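Report on one structure; see the data block that follows.
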Amino acid sequence: MPGMVAFGRRWRIASDDLVFPGAFELLIRALWWVATLVLYINHKGRFDCHGGAYLHNYLVVLLVLLAVIIFTLCAIVYVSAQGTIMNPGPRRSMMALVYLRALLYVPELVWAVLGAVWVSDDSSGCKPAEVGAVIGAVVSSWIILLSMVVGVLIVFDPLGSQRSEALLDSGALLGVRDLESSESSQLFYTAHRVASRVWESRLRLLCCCLPQDDNHRAAFSSIAQLVSGFFLDTDLVPSDIAAGLALLHQEQDKMEQSRDPEEVLTHSPSSPIREDLELELEKAAHCMQFAAAAYGWPLYIYSNPLTGLCKLSGDCCRSRHAEYDLVGGDHLGCHFTSILQSTGLQYRDFIHISFHNQIYEIPFFVALDHKREAVLVAVRGTLSLKDVLTDLSAECENLSVEGVSGTCYAHKGMSQAAHYIYRKLVNDGILSQAFNIAPEYRLVITGHSLGAGTASLLAVLLRSTHPTLECFAFSPPGGLMSKALADYSKQFVVSVVLGKDLVPRLSIPNMEELRRRLLKVVSNCSKPKYKILMHGCWYEVFGGTPDDFPTEMENRREEELNQPLLGDESLLVRHSSSYQSLSSDDSPAHHTHLPLYPPGHIMHITEDGPSRRHCLSQVRYRADWAGETAFRSVLISPRMIADHMPDVVQRALLSLTRGQPPTLCPSSMSNSHLNVI
């Protein structure tokens, strides 16, 4: 940090990012030089084959060229390892070394061409070892040259030239500290607008197979606005973010290890907390099988890798048009068979199944659950690129609900999906058909992830006409609905969150807070980036003691943190809001987006025991009610994605209800273990 400026543009790589790639290339070059030297010594004075003089000269020049490249790489690795992320001063000579290394690619390319010519035209009569060595050298040269091209494409920043132009237009912004607020705001606005166009173009290219209708164009635009502005005023490169996440994870673990031991409070079997929780756990475990079944055959085969394909293959290939006519819906394929296998229901128990999938239109099914006497609506979670676009349409949309006091708004993508299913259920008469068959049944809605968020909003829409409905939302998104709607949904929605799942903690304000803390921990760390990344990788894989990284705060006045810490290499000005909030942990967060909250009462399931255990050891879980404040910070953990998977959530619920007896903790413990960064 900041990104290097080379060849008239800025790149997505910093001057301290060349330690590992430089060391890897240095190892390859050193082995290559030693092999070439051995070949030359063994054949010195005996290059008597046709074209032997060319081979002699080729090897001599190659040895010299490799030696120069090796010395250059040594200098690059050494200089890149100096300084810290926010102190690039000791690496000022890096650009000269980068230009020198780039210049050395020219003779290397020429020599690779000459080697290929010699092998094809002048190698007749030479020993196979000599010819093979030259072929190996030529192939290695071309591989390294192609790798360099791939590396350039990876670190290429489409906004690099625009930023350079902004530097020129603003009077060489390097080191500028006296820009007026209006000028800096205009600069950031221009950069944000250009970044949004770039991200929108990327999304269009990535989703070129999708129809380019109004919904998709609007989604591309809103997602581009969201993504482009997140790290725009920080000048972070990807490796800085990785280092910051590693530091945050270790700091979080240090806080957990240093807290006071939890006081375990016991409850009698007649405790209201225990009875209420056990009852909801039983219901949740039952509904989770329907939420998982909504994913269709992909999750079924993933969860049953040995037998799933065999169980589905026979039924998938068999014609069952009569049964499909009873079910209704579209795009069934093998999905219906997997749903039957997962739920244990009969085909006649299904009212409607639809796997129609577009942006804001997600699959769902309606079935009669005779065991619980419920008309059950299960909504599928994210399983396609169209679902991802629905997830990322995260701006707020008004959601008017009768009887709710306060401002009502919700996540746009999931609100649109909920309205789509609502129209299908009500306008198409699907719910009417179900309740005509079983009028005494109650309505239950469930889903996982995207399906959980959509199911919760669908329950809000249907609450007025079905006052006894219940909704079970598994791993719902944290940024889903306004405070008024979240409080209203506590009457009929139960959310289930497992461990350190990222998604229930994922909201735009939470991500802004994560960015602020990431900037602060990166700014304060006084170790070079390569050491942070090496220890971070070791810690994630093998565990151990979190590193107590020293900070630079001892030698820097704290008030200086309200300005970018990059000296005259920074693209930023002192009006950057991301840097203004670094001076204190207690400084108020300036959120630019409306706050959104997870739905309903939140049941939090955590592992009972040490955070790291043997891979074959039995996992015990405990469950408790948690407040929404416990999910206002993003937890950095290797489990943050795994804990979101539907099969993992289902296993945890089954373990609590059918296997080992669950450890049910008092609510006073639920927040103590959630003190996070």
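Labeling convention for the structure tokens: chains A, B, ... as they appear, residues from 1 per chain, ligands from 1 in order of appearance.
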
Margin query: Applying 9 Å and only C-alpha atoms, which residues near stretch 77-87 of chain A remain after dropping the ones on its own chain fewer than 5 positions away? List them as a PyMOL selection string.
Written below: chain A and resi 1-2+14-23+26+72+92-94+240+522-531+564-567

Margin query: I'd like the contact shell of A:Leu248 - 12 Å cut-off, only C-alpha atoms, skipping same-chain residues fewer than 3 positions apart - returned as a PyMOL selection string.
Written below: chain A and resi 241-245+251-255+514-522+524-525+532+536+546-549+633-637+676-677

Notebook entry, point to check: Please, which residues of stretch 281-476 of chain A, numbered as in this document, come out strand (DSSP E or B) from DSSP, as number ranges by chain?
Noted result: A: 350-354, 358, 361, 364-369, 374-379, 396-398, 409-411, 442-448, 470-474

Serialized selection, N, CA and C atoms, as a short mmCIF file (atom, residue, chain, number, x, y, z; two decimals), in the first residue's frame:
```
data_model
loop_
_atom_site.label_atom_id
_atom_site.label_comp_id
_atom_site.auth_asym_id
_atom_site.auth_seq_id
_atom_site.Cartn_x
_atom_site.Cartn_y
_atom_site.Cartn_z
N PHE A 350 -47.43 -32.71 -2.39
CA PHE A 350 -46.90 -31.45 -2.92
C PHE A 350 -47.98 -30.72 -3.70
N ILE A 351 -48.11 -29.46 -3.41
CA ILE A 351 -49.07 -28.60 -4.10
C ILE A 351 -48.44 -27.93 -5.30
N HIS A 352 -47.22 -27.44 -5.13
CA HIS A 352 -46.56 -26.72 -6.21
C HIS A 352 -45.05 -26.79 -6.01
N ILE A 353 -44.33 -27.04 -7.09
CA ILE A 353 -42.87 -27.00 -7.07
C ILE A 353 -42.42 -26.21 -8.30
N SER A 354 -41.60 -25.21 -8.08
CA SER A 354 -41.10 -24.42 -9.20
C SER A 354 -39.61 -24.20 -9.04
N GLN A 358 -34.79 -16.65 -12.15
CA GLN A 358 -34.30 -15.43 -12.78
C GLN A 358 -33.90 -14.48 -11.65
N GLU A 361 -36.37 -13.76 -8.92
CA GLU A 361 -37.36 -14.83 -9.02
C GLU A 361 -36.66 -16.14 -8.68
N PHE A 364 -39.03 -22.29 -5.31
CA PHE A 364 -39.68 -22.60 -4.04
C PHE A 364 -40.63 -23.78 -4.26
N PHE A 365 -41.09 -24.38 -3.17
CA PHE A 365 -42.13 -25.39 -3.30
C PHE A 365 -43.09 -25.28 -2.12
N VAL A 366 -44.30 -25.78 -2.34
CA VAL A 366 -45.36 -25.78 -1.33
C VAL A 366 -45.80 -27.22 -1.14
N ALA A 367 -45.82 -27.67 0.11
CA ALA A 367 -46.17 -29.07 0.40
C ALA A 367 -47.00 -29.13 1.67
N LEU A 368 -47.69 -30.26 1.83
CA LEU A 368 -48.46 -30.52 3.04
C LEU A 368 -47.62 -31.36 3.98
N ASP A 369 -47.28 -30.80 5.13
CA ASP A 369 -46.48 -31.49 6.13
C ASP A 369 -47.44 -32.08 7.17
N ALA A 374 -49.04 -28.77 8.80
CA ALA A 374 -48.69 -27.44 8.29
C ALA A 374 -48.68 -27.45 6.78
N VAL A 375 -49.09 -26.33 6.20
CA VAL A 375 -48.83 -26.03 4.79
C VAL A 375 -47.47 -25.35 4.76
N LEU A 376 -46.51 -26.03 4.19
CA LEU A 376 -45.13 -25.58 4.30
C LEU A 376 -44.65 -24.99 2.98
N VAL A 377 -44.10 -23.78 3.05
CA VAL A 377 -43.50 -23.11 1.90
C VAL A 377 -42.00 -23.06 2.14
N ALA A 378 -41.22 -23.69 1.27
CA ALA A 378 -39.76 -23.71 1.39
C ALA A 378 -39.15 -22.95 0.22
N VAL A 379 -38.25 -22.02 0.52
CA VAL A 379 -37.64 -21.16 -0.49
C VAL A 379 -36.17 -21.52 -0.63
N CYS A 396 -31.63 -0.40 -0.10
CA CYS A 396 -32.90 -0.49 0.62
C CYS A 396 -34.09 -0.21 -0.30
N GLU A 397 -35.20 -0.87 0.00
CA GLU A 397 -36.45 -0.66 -0.73
C GLU A 397 -37.58 -0.57 0.29
N ASN A 398 -38.47 0.37 0.09
CA ASN A 398 -39.60 0.52 1.00
C ASN A 398 -40.49 -0.72 0.96
N TYR A 409 -38.42 -0.71 5.64
CA TYR A 409 -37.68 -0.92 4.39
C TYR A 409 -36.89 -2.22 4.53
N ALA A 410 -36.44 -2.73 3.38
CA ALA A 410 -35.77 -4.04 3.39
C ALA A 410 -34.80 -4.14 2.22
N HIS A 411 -34.00 -5.18 2.25
CA HIS A 411 -33.06 -5.53 1.19
C HIS A 411 -33.81 -5.65 -0.13
N ARG A 442 -51.83 -25.00 9.64
CA ARG A 442 -51.32 -23.64 9.73
C ARG A 442 -50.21 -23.45 8.69
N LEU A 443 -49.84 -22.22 8.43
CA LEU A 443 -48.83 -21.90 7.42
C LEU A 443 -47.45 -21.80 8.08
N VAL A 444 -46.47 -22.49 7.49
CA VAL A 444 -45.08 -22.44 7.94
C VAL A 444 -44.21 -22.13 6.73
N ILE A 445 -43.32 -21.16 6.88
CA ILE A 445 -42.43 -20.73 5.79
C ILE A 445 -41.00 -20.93 6.25
N THR A 446 -40.14 -21.43 5.38
CA THR A 446 -38.76 -21.69 5.76
C THR A 446 -37.84 -21.48 4.56
N GLY A 447 -36.57 -21.37 4.85
CA GLY A 447 -35.57 -21.20 3.81
C GLY A 447 -34.20 -21.03 4.43
N HIS A 448 -33.18 -21.14 3.61
CA HIS A 448 -31.79 -21.01 4.06
C HIS A 448 -31.09 -19.94 3.24
N GLU A 470 -45.84 -19.31 11.03
CA GLU A 470 -44.51 -19.35 11.63
C GLU A 470 -43.48 -19.36 10.52
N CYS A 471 -42.32 -18.78 10.80
CA CYS A 471 -41.24 -18.77 9.82
C CYS A 471 -39.95 -19.17 10.52
N PHE A 472 -39.21 -20.10 9.90
CA PHE A 472 -37.91 -20.52 10.39
C PHE A 472 -36.87 -20.17 9.32
N ALA A 473 -36.01 -19.19 9.66
CA ALA A 473 -35.01 -18.68 8.73
C ALA A 473 -33.64 -19.18 9.17
N PHE A 474 -33.00 -19.97 8.33
CA PHE A 474 -31.70 -20.55 8.65
C PHE A 474 -30.59 -19.75 7.96
#
```

Item checked: stretch 503-506 of chain A environment, 6 Å, only C-alpha atoms, sequence neighbours closer than 4 positions dropped, as a ChimeraX atom specification -> /A:475-478,631,634

Next item on the list: Please identify all polymer residues within 12 Å of A:Ala293, counting only C-alpha atoms, omitting same-chain residues fewer than 5 positions from it, and present them as a PyMOL selection string.
Entry: chain A and resi 286-288+298-303+334-345+353+363-367+377-381+446-448+451+646-647+650
